[in-house]
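As provided, entry-v3.cif (mmCIF, C-alpha atoms and all ligand atoms) reads as follows.
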data_entry
loop_
_atom_site.label_atom_id
_atom_site.label_comp_id
_atom_site.auth_asym_id
_atom_site.auth_seq_id
_atom_site.Cartn_x
_atom_site.Cartn_y
_atom_site.Cartn_z
CA MET A 157 88.52 119.08 56.53
CA SER A 158 84.73 119.40 56.63
CA ASP A 159 82.91 116.23 55.53
CA PRO A 160 79.20 116.74 56.23
CA LEU A 161 76.79 113.83 55.98
CA LEU A 162 73.85 116.21 56.32
CA GLU A 163 73.51 119.81 55.11
CA VAL A 164 70.28 121.70 55.68
CA THR A 165 69.92 125.17 54.18
CA ASP A 166 67.21 127.71 54.98
CA LEU A 167 64.56 125.08 55.71
CA VAL A 168 60.97 126.25 56.16
CA LYS A 169 58.00 124.11 57.18
CA THR A 170 54.56 125.63 57.70
CA TYR A 171 51.20 124.12 58.60
CA ALA A 172 47.81 125.57 57.78
CA VAL A 173 45.52 125.25 60.79
CA SER A 174 41.77 125.66 60.74
CA GLY A 175 39.96 127.76 63.32
CA GLY A 176 38.06 124.85 64.80
CA GLY A 177 35.70 126.97 66.85
CA PHE A 178 33.19 129.80 66.92
CA ARG A 179 34.82 133.05 65.78
CA SER A 180 38.31 131.53 65.95
CA LYS A 181 40.42 132.06 62.86
CA GLY A 182 42.78 129.62 61.27
CA GLY A 183 46.23 130.59 60.21
CA LEU A 184 49.69 129.48 59.23
CA VAL A 185 52.07 127.97 61.77
CA ARG A 186 55.71 128.51 60.80
CA ALA A 187 57.01 125.49 62.73
CA VAL A 188 60.48 125.70 61.16
CA ASP A 189 61.43 129.12 59.87
CA GLY A 190 64.67 129.30 57.91
CA VAL A 191 66.90 126.79 59.69
CA SER A 192 70.38 125.95 58.40
CA LEU A 193 72.64 123.32 59.96
CA THR A 194 75.26 120.75 59.06
CA ILE A 195 76.25 117.48 60.72
CA GLU A 196 79.66 116.03 59.98
CA ARG A 197 80.10 112.28 59.48
CA GLY A 198 80.41 110.56 62.86
CA GLU A 199 79.23 113.68 64.70
CA THR A 200 76.35 114.01 67.15
CA LEU A 201 74.48 117.31 67.04
CA GLY A 202 72.12 118.08 69.91
CA LEU A 203 68.99 120.11 69.08
CA VAL A 204 67.52 121.64 72.21
CA GLY A 205 64.49 123.82 72.92
CA GLU A 206 61.16 123.95 74.75
CA SER A 207 58.11 122.00 73.58
CA GLY A 208 56.58 123.49 70.45
CA CYS A 209 59.79 125.17 69.22
CA GLY A 210 59.75 123.11 66.01
CA LYS A 211 62.62 120.72 66.78
CA SER A 212 60.64 117.51 66.14
CA THR A 213 59.18 118.97 62.93
CA LEU A 214 62.71 119.82 61.82
CA GLY A 215 63.85 116.25 62.56
CA ARG A 216 60.94 114.78 60.59
CA ALA A 217 61.46 117.19 57.68
CA ILE A 218 65.15 116.21 57.51
CA LEU A 219 64.08 112.57 57.21
CA ARG A 220 61.52 113.62 54.57
CA LEU A 221 58.66 112.34 56.72
CA GLU A 222 57.33 115.90 56.26
CA ASP A 223 57.63 117.84 53.00
CA PRO A 224 59.45 121.15 53.55
CA ASP A 225 57.98 124.31 51.97
CA ARG A 226 61.36 125.78 51.15
CA GLY A 227 65.07 125.17 51.59
CA THR A 228 67.40 122.30 50.77
CA ILE A 229 68.33 119.03 52.44
CA ARG A 230 71.48 117.29 51.23
CA PHE A 231 72.22 113.81 52.57
CA ASP A 232 75.51 112.14 51.74
CA GLY A 233 76.06 114.63 48.92
CA GLN A 234 72.62 114.07 47.35
CA ASP A 235 69.88 116.70 47.26
CA ILE A 236 66.89 114.82 48.74
CA THR A 237 64.59 117.83 49.21
CA ASN A 238 62.18 116.95 46.43
CA LEU A 239 62.62 113.19 46.08
CA SER A 240 59.37 111.25 45.72
CA THR A 241 58.35 108.51 48.19
CA LYS A 242 59.62 105.93 45.70
CA GLU A 243 62.92 107.75 45.19
CA MET A 244 63.37 108.01 48.99
CA ARG A 245 62.85 104.24 49.50
CA PRO A 246 66.51 103.20 49.00
CA LEU A 247 67.58 105.90 51.47
CA ARG A 248 65.09 104.97 54.21
CA ALA A 249 67.35 102.30 55.75
CA LYS A 250 70.23 104.80 55.89
CA MET A 251 68.19 107.37 57.85
CA GLN A 252 66.36 106.05 60.89
CA LEU A 253 64.16 107.68 63.53
CA ILE A 254 64.12 106.66 67.19
CA PHE A 255 61.00 107.81 69.00
CA GLN A 256 60.37 109.19 72.47
CA ASP A 257 57.82 106.44 73.15
CA PRO A 258 58.91 103.21 71.46
CA PHE A 259 55.66 101.55 72.64
CA SER A 260 53.69 103.62 70.15
CA SER A 261 55.96 102.55 67.29
CA LEU A 262 55.92 98.82 68.13
CA ASP A 263 53.00 96.65 67.01
CA PRO A 264 51.55 95.19 70.26
CA ARG A 265 50.59 91.97 68.42
CA THR A 266 54.06 91.37 66.96
CA THR A 267 56.96 89.91 68.96
CA VAL A 268 59.88 92.28 69.30
CA GLY A 269 61.90 89.85 67.17
CA GLY A 270 59.29 90.30 64.43
CA SER A 271 59.44 94.11 64.81
CA ILE A 272 63.24 94.19 64.64
CA ALA A 273 63.16 91.90 61.57
CA GLU A 274 60.61 94.04 59.71
CA GLY A 275 63.15 96.20 57.86
CA LEU A 276 65.32 93.16 57.17
CA ARG A 277 62.45 91.46 55.36
CA VAL A 278 62.13 94.54 53.14
CA GLN A 279 65.87 94.28 52.45
CA GLY A 280 65.36 90.69 51.23
CA LEU A 281 67.15 88.75 54.01
CA ASP A 282 65.98 85.11 54.38
CA PRO A 283 64.50 83.86 57.70
CA ASP A 284 67.83 82.44 58.99
CA GLN A 285 69.70 85.66 58.17
CA ARG A 286 66.94 87.68 59.85
CA ALA A 287 67.01 85.55 63.02
CA LYS A 288 70.80 85.87 63.22
CA ARG A 289 70.66 89.65 62.77
CA VAL A 290 67.87 90.00 65.37
CA ASN A 291 70.00 88.11 67.92
CA GLU A 292 73.03 90.28 67.11
CA MET A 293 70.98 93.44 67.56
CA LEU A 294 69.45 92.30 70.87
CA GLU A 295 72.93 91.53 72.17
CA LEU A 296 74.23 94.89 70.91
CA VAL A 297 71.66 96.81 72.96
CA GLY A 298 72.12 94.68 76.10
CA LEU A 299 69.11 92.34 75.76
CA GLU A 300 69.01 88.52 75.48
CA SER A 301 68.10 86.41 72.45
CA TYR A 302 65.01 84.96 74.23
CA HIS A 303 63.58 88.51 74.32
CA ALA A 304 62.89 88.14 70.58
CA ARG A 305 59.89 85.89 71.40
CA ARG A 306 58.29 88.38 73.79
CA PHE A 307 55.73 91.11 73.12
CA PRO A 308 56.23 94.85 73.76
CA HIS A 309 53.97 94.93 76.86
CA GLU A 310 56.27 92.42 78.59
CA PHE A 311 59.14 94.96 78.67
CA SER A 312 59.94 97.90 80.94
CA GLY A 313 60.22 101.41 79.43
CA GLY A 314 64.03 101.23 79.31
CA GLN A 315 63.96 97.77 77.69
CA ARG A 316 61.44 98.98 75.11
CA GLN A 317 63.73 101.85 74.20
CA ARG A 318 66.55 99.30 73.76
CA VAL A 319 64.23 97.39 71.40
CA GLY A 320 63.52 100.64 69.50
CA ILE A 321 67.26 101.24 69.13
CA ALA A 322 67.85 97.62 68.02
CA ARG A 323 65.11 97.94 65.41
CA ALA A 324 66.58 101.16 64.01
CA LEU A 325 70.12 99.76 63.91
CA ALA A 326 69.15 96.41 62.35
CA VAL A 327 69.03 97.91 58.85
CA ASN A 328 72.54 99.34 59.23
CA PRO A 329 71.79 103.09 59.08
CA SER A 330 74.46 105.79 58.88
CA PHE A 331 72.24 108.56 60.32
CA LEU A 332 69.87 108.54 63.28
CA VAL A 333 67.37 111.17 64.38
CA LEU A 334 66.62 110.55 68.07
CA ASP A 335 63.49 112.44 69.08
CA GLU A 336 63.60 112.86 72.87
CA PRO A 337 64.57 109.18 73.28
CA VAL A 338 64.94 109.30 77.06
CA SER A 339 62.44 111.93 78.19
CA ALA A 340 59.77 109.32 79.06
CA LEU A 341 62.19 107.27 81.19
CA ASP A 342 63.18 107.41 84.87
CA VAL A 343 66.40 109.33 85.51
CA SER A 344 68.39 106.19 86.44
CA ILE A 345 67.28 104.47 83.21
CA GLN A 346 67.96 107.64 81.18
CA SER A 347 71.67 107.45 81.95
CA GLN A 348 71.81 103.75 80.95
CA ILE A 349 70.24 104.53 77.55
CA LEU A 350 72.45 107.60 77.04
CA ASN A 351 75.56 105.53 77.82
CA LEU A 352 74.36 102.84 75.42
CA LEU A 353 73.84 105.43 72.65
CA LYS A 354 77.27 106.92 73.27
CA ASP A 355 78.92 103.48 73.05
CA LEU A 356 76.98 102.60 69.88
CA GLN A 357 77.85 105.94 68.28
CA VAL A 358 81.57 105.23 68.75
CA GLU A 359 81.37 101.51 67.88
CA LEU A 360 79.31 101.96 64.70
CA GLY A 361 80.56 105.42 63.65
CA LEU A 362 77.00 106.76 63.56
CA THR A 363 76.01 110.32 62.75
CA MET A 364 73.20 111.52 65.00
CA LEU A 365 70.75 114.37 65.51
CA PHE A 366 69.71 114.16 69.16
CA ILE A 367 66.56 116.15 69.97
CA ALA A 368 65.90 117.09 73.62
CA HIS A 369 64.18 119.81 75.63
CA ASN A 370 66.87 119.83 78.28
CA LEU A 371 70.54 120.78 77.86
CA GLY A 372 71.56 118.45 80.70
CA VAL A 373 70.50 115.41 78.66
CA VAL A 374 72.69 116.27 75.67
CA GLU A 375 75.74 117.42 77.65
CA HIS A 376 77.63 114.11 77.64
CA LEU A 377 76.49 112.78 74.28
CA CYS A 378 76.79 115.60 71.75
CA ASP A 379 79.81 117.10 70.00
CA ARG A 380 77.93 120.28 69.09
CA ILE A 381 74.61 121.74 70.22
CA SER A 382 72.04 123.95 68.48
CA VAL A 383 69.49 125.78 70.61
CA MET A 384 66.14 126.43 68.91
CA TYR A 385 63.44 128.94 69.82
CA LEU A 386 60.12 129.30 68.00
CA GLY A 387 61.23 127.81 64.71
CA ARG A 388 64.67 129.42 64.51
CA ILE A 389 68.20 128.63 65.68
CA ALA A 390 69.24 130.93 68.55
CA GLU A 391 72.76 129.59 69.06
CA THR A 392 75.04 126.81 67.80
CA SER A 393 78.38 125.87 69.23
CA SER A 394 80.64 123.04 70.27
CA ARG A 395 79.39 121.44 73.47
CA ASN A 396 82.35 122.75 75.52
CA ASP A 397 82.03 126.30 74.21
CA LEU A 398 78.31 126.33 74.85
CA PHE A 399 78.68 125.13 78.43
CA ASP A 400 81.64 127.45 79.13
CA SER A 401 80.60 130.61 77.30
CA CYS A 402 77.13 130.64 75.74
CA VAL A 403 76.08 134.14 74.68
CA HIS A 404 72.35 133.97 73.86
CA PRO A 405 70.05 134.92 76.77
CA TYR A 406 67.76 131.98 75.99
CA THR A 407 70.66 129.50 76.10
CA GLN A 408 71.78 131.09 79.37
CA ALA A 409 68.29 130.55 80.82
CA LEU A 410 68.27 126.89 79.74
CA MET A 411 71.78 126.48 81.11
CA SER A 412 70.80 127.91 84.49
CA ALA A 413 67.99 125.34 84.79
CA ILE A 414 70.35 122.34 84.68
CA PRO A 415 70.58 120.74 88.14
CA VAL A 416 74.26 120.80 89.23
CA LEU A 417 75.60 119.06 92.34
CA ASP A 418 78.97 120.87 92.40
CA PRO A 419 78.26 124.30 94.03
CA THR A 420 81.24 125.91 92.24
CA ARG A 421 79.61 125.12 88.85
CA ARG A 422 76.15 126.34 89.86
CA LYS A 423 74.84 129.31 87.84
CA ASP A 424 72.34 131.96 88.98
CA ARG A 425 68.92 130.76 87.92
CA VAL A 426 67.38 132.83 85.10
CA ILE A 427 63.60 132.52 85.31
CA LEU A 428 61.86 133.18 82.01
CA GLU A 429 58.55 134.99 82.37
CA GLY A 430 55.51 133.74 80.49
CA ASP A 431 55.01 130.85 78.12
CA VAL A 432 56.46 130.26 74.67
CA PRO A 433 54.34 132.47 72.35
CA SER A 434 52.11 130.77 69.80
CA PRO A 435 53.89 129.98 66.52
CA LEU A 436 50.57 130.99 64.88
CA ASN A 437 51.28 134.56 65.86
CA PRO A 438 54.99 134.89 66.68
CA PRO A 439 56.32 138.16 68.17
CA SER A 440 57.82 140.74 65.84
CA GLY A 441 61.59 141.23 65.61
CA CYS A 442 63.43 138.79 67.85
CA ARG A 443 60.88 136.12 68.72
CA PHE A 444 62.37 135.84 72.19
CA HIS A 445 61.89 139.54 73.06
CA PRO A 446 58.70 139.26 75.21
CA ARG A 447 60.56 136.89 77.59
CA CYS A 448 64.11 138.14 77.22
CA PRO A 449 65.69 139.47 80.44
CA VAL A 450 68.15 141.69 78.54
CA ALA A 451 66.03 142.99 75.63
CA ASN A 452 66.74 146.71 75.46
CA THR A 453 67.00 147.89 71.90
CA THR A 454 64.36 148.93 69.42
CA SER A 455 65.87 146.36 67.13
CA CYS A 456 64.85 143.59 69.56
CA VAL A 457 61.19 144.42 68.85
CA SER A 458 61.46 145.34 65.19
CA GLU A 459 64.26 143.35 63.58
CA GLN A 460 64.96 139.64 63.47
CA PRO A 461 68.55 139.16 64.66
CA PRO A 462 70.79 137.38 62.13
CA LEU A 463 72.86 134.38 63.14
CA VAL A 464 76.45 135.68 63.34
CA SER A 465 79.73 134.03 64.13
CA VAL A 466 80.89 134.84 67.67
CA GLY A 467 83.90 132.55 67.76
CA SER A 468 85.33 129.43 66.23
CA ALA A 469 82.32 127.34 65.07
CA HIS A 470 80.13 129.36 67.46
CA GLU A 471 77.10 131.30 66.13
CA ALA A 472 74.38 133.23 67.91
CA ALA A 473 71.40 135.41 66.92
CA CYS A 474 71.09 138.33 69.34
CA HIS A 475 71.24 142.11 68.74
CA VAL A 476 72.73 142.70 72.19
CA ARG A 477 75.02 139.75 72.83
CA ALA A 478 76.05 139.11 69.22
CA PRO A 479 75.76 142.47 67.43
CA LYS A 480 76.32 142.11 63.71
CA GLU A 481 78.36 145.35 63.57
CA ALA A 482 80.99 143.69 65.76
CA ASP A 483 83.96 142.40 63.85
CA TRP A 484 82.60 138.86 63.79
CA GLY A 485 81.14 138.94 60.29
CA ARG A 486 77.60 138.03 59.38
CA VAL A 487 77.33 134.38 58.41
CA ARG A 488 73.61 133.75 57.88
CA THR A 489 70.33 135.59 57.95
FE1 LIG B 501 67.01 139.36 73.82
FE2 LIG B 501 67.15 141.30 71.99
FE3 LIG B 501 68.98 139.35 72.03
FE4 LIG B 501 66.48 138.82 71.29
S1 LIG B 501 67.91 140.14 70.23
S2 LIG B 501 67.73 137.60 72.62
S3 LIG B 501 65.33 140.17 72.63
S4 LIG B 501 68.61 140.88 73.62
#

Please re-express this file's structure in structure tokens.
Amino acid sequence: MSDPLLEVTDLVKTYAVSGGGFRSKGGLVRAVDGVSLTIERGETLGLVGESGCGKSTLGRAILRLEDPDRGTIRFDGQDITNLSTKEMRPLRAKMQLIFQDPFSSLDPRTTVGGSIAEGLRVQGLDPDQRAKRVNEMLELVGLESYHARRFPHEFSGGQRQRVGIARALAVNPSFLVLDEPVSALDVSIQSQILNLLKDLQVELGLTMLFIAHNLGVVEHLCDRISVMYLGRIAETSSRNDLFDSCVHPYTQALMSAIPVLDPTRRKDRVILEGDVPSPLNPPSGCRFHPRCPVANTTSCVSEQPPLVSVGSAHEAACHVRAPKEADWGRVRT
């Protein structure tokens, strides 16, 4: 039976931008444009797309670090869309963000023990309780208790990310948004952190939204994956279904870019022409049409494809690969 911890419905987040230059006009960036998703308790959903597709904005809006323009966010059964800063305070510990660059989120003048204990102080723990919890957290993420007395610059990138994870987990959250947590790390360190996150997810029963620009990174960690393009969801499916039978041309292009050692699993590389269009002036119809290798209908240029069900818990938005007139039934617009 479905038991979602997070339900997002038709979320929209726009930014007004000023021109900033001679003759240049400002405008409205639709960073997130009508996104709906759910994450079950204990599930990890991967959110994948190129830089600028709106995935980080979506993550921040879900945590209410950005105010959405429209739509609904329900967390643990409660509608949190319009809660004030004060009303959000009790929920902050439950919903934590782990950053791409933990260095930027750690105070360089505070020991990592002090940083990890910060949220515990807010929760009212006394100094002994805080010290005990800091030691537990350092051990949980594979560091030593003496690391608590050190400063962020004394750690390697991988160790700093472990500190970032320890700090987020110290306040006992049930939901984590991980915003490209390994993309700044060397490949060998990436796998250590991904393995750590996978172990912690199982051990603590965490629910996670894992944001990445590369499908290869989310392959072994996520139960389901949503692919995002220019503010909208292009395809969502279970991890296995997506890797075995993705239908959206954009997902297929991302899939073909994953380095694979086994030659029998290698896919023909799909090279996408051009850059991601500006979200200030997105293309008409399907936003992917200027780069799509299979765009061939008038609808591709004139009509936004709806997200339709193409299998069990598998949805895609494509006039050609997921036509709505097929007997799949339209599920969302
Ligand atoms: Fe390509 Fe058309 Fe499908 Fe968009 S709707 S992904 S342009 S085929």

Open item on the list: Can you tell me which residues surround Ser207 of chain A at a distance of at most 12 Å, considering only C-alpha atoms, apart from same-chain residues fewer than 3 positions away, and format the answer as a list of chain:residue names?
Closed with: A:Ala187, A:Leu203, A:Val204, A:Gly210, A:Lys211, A:Ser212, A:Thr213, A:Asp335, A:Glu336, A:Ser339, A:Ile367, A:Ala368, A:His369, A:Asn370, A:Met384, A:Tyr385, A:Leu386, A:Gly387, A:Asp431, A:Val432, A:Pro433, A:Ser434, A:Pro435

Open item on the list: Could you list, as a PyMOL selection string, all residues that come within 7 Å of ligand LIG 501 (chain B)? Count only C-alpha atoms and all ligand atoms.
Closed with: chain A and resi 404-406+442-445+448-453+456+461+473-477

- [ ] Find the residue from A:Gly467, A:Pro462, A:Pro258, A:Gly298 that sits nearest to Ser401 of chain A; use all atoms listed in the file when measuring.
- [x]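 Checking each candidate against Ser401 of chain A, we get A:Gly467 as the closest.
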
Open item on the list: Using only C-alpha atoms for the distances, tell me which of A:Lys242, A:Arg380, A:Arg395, A:Arg318 is nearest to Glu295 of chain A.
Closed with: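 Smallest distance to Glu295 of chain A is found for A:Arg318.
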
Open item on the list: So the first atom is atom CA of Val374 of chain A and the second is atom CA of Leu398 of chain A; what is the distance between them in Å, to one decimal place?
Closed with: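 If I compute the distance from atom CA of Val374 of chain A to atom CA of Leu398 of chain A, I get 11.6 Å.
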
Task: Among listed residues A:Thr170, A:Ser260, A:Gln252, A:Ser458, nearest His309 of chain A (using all atoms listed in the file) - done: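 Ranked by minimum distance to His309 of chain A, first place goes to A:Ser260.
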
Open item on the list: Can you pull out the residues contacting Arg277 of chain A? Cut-off 12 Å, using only C-alpha atoms, and skip same-chain residues under 3 positions away; I want them as number ranges by chain.
Closed with: A: 249, 269-274, 280-287, 289-290, 326-327

Task: Selection: 9 Å around Leu219 of chain A, all atoms listed in the file, excl. self and same-chain fewer than 6 positions, as a list of chain:residue names - done: A:Arg248, A:Met251, A:Gln252, A:Leu253, A:Val333

- [ ] Write out as a list in words each polymer residue whose atoms come within 7 Å of segment 160-166 of chain A, counting all atoms listed in the file; drop sequence neighbours fewer than 2 positions from it.
- [x] Ser158, Val168, Gly190, Val191, Ser192, Leu193, Thr194, Ile195, Glu196, Arg197, Gly227, Thr228, Ile229, Arg230, Phe231 and Asp232 of chain A

Open item on the list: Between atom CA of Glu391 of chain A and atom CA of Gln346 of chain A, what distance in Å does the model show, to one decimal?
Closed with: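 Atom CA of Gln346 of chain A lies at a distance of 25.5 Å from atom CA of Glu391 of chain A.
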
Task: Two-atom distance - atom CA of Asp189 of chain A, atom CA of Val383 of chain A (Å) - done: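 According to the coordinates, atom CA of Asp189 of chain A and atom CA of Val383 of chain A are separated by 13.8 Å.
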
Open item on the list: So, with all atoms listed in the file as the atoms that count, which of A:Asn437, A:Ser382, A:Ser347, A:Ser174 lies closest to Leu365 of chain A?
Closed with: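 Of all the options, A:Ser382 lies closest to Leu365 of chain A.
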
TODO: Select, counting all atoms listed in the file, all protein, DNA and RNA residues no farther than 12 Å from (69.8, 104.0, 59.5) in file coordinates, and express the selection as an NGL selection string.
DONE: :A and (219 or 246-254 or 275-276 or 321-334 or 360-364)
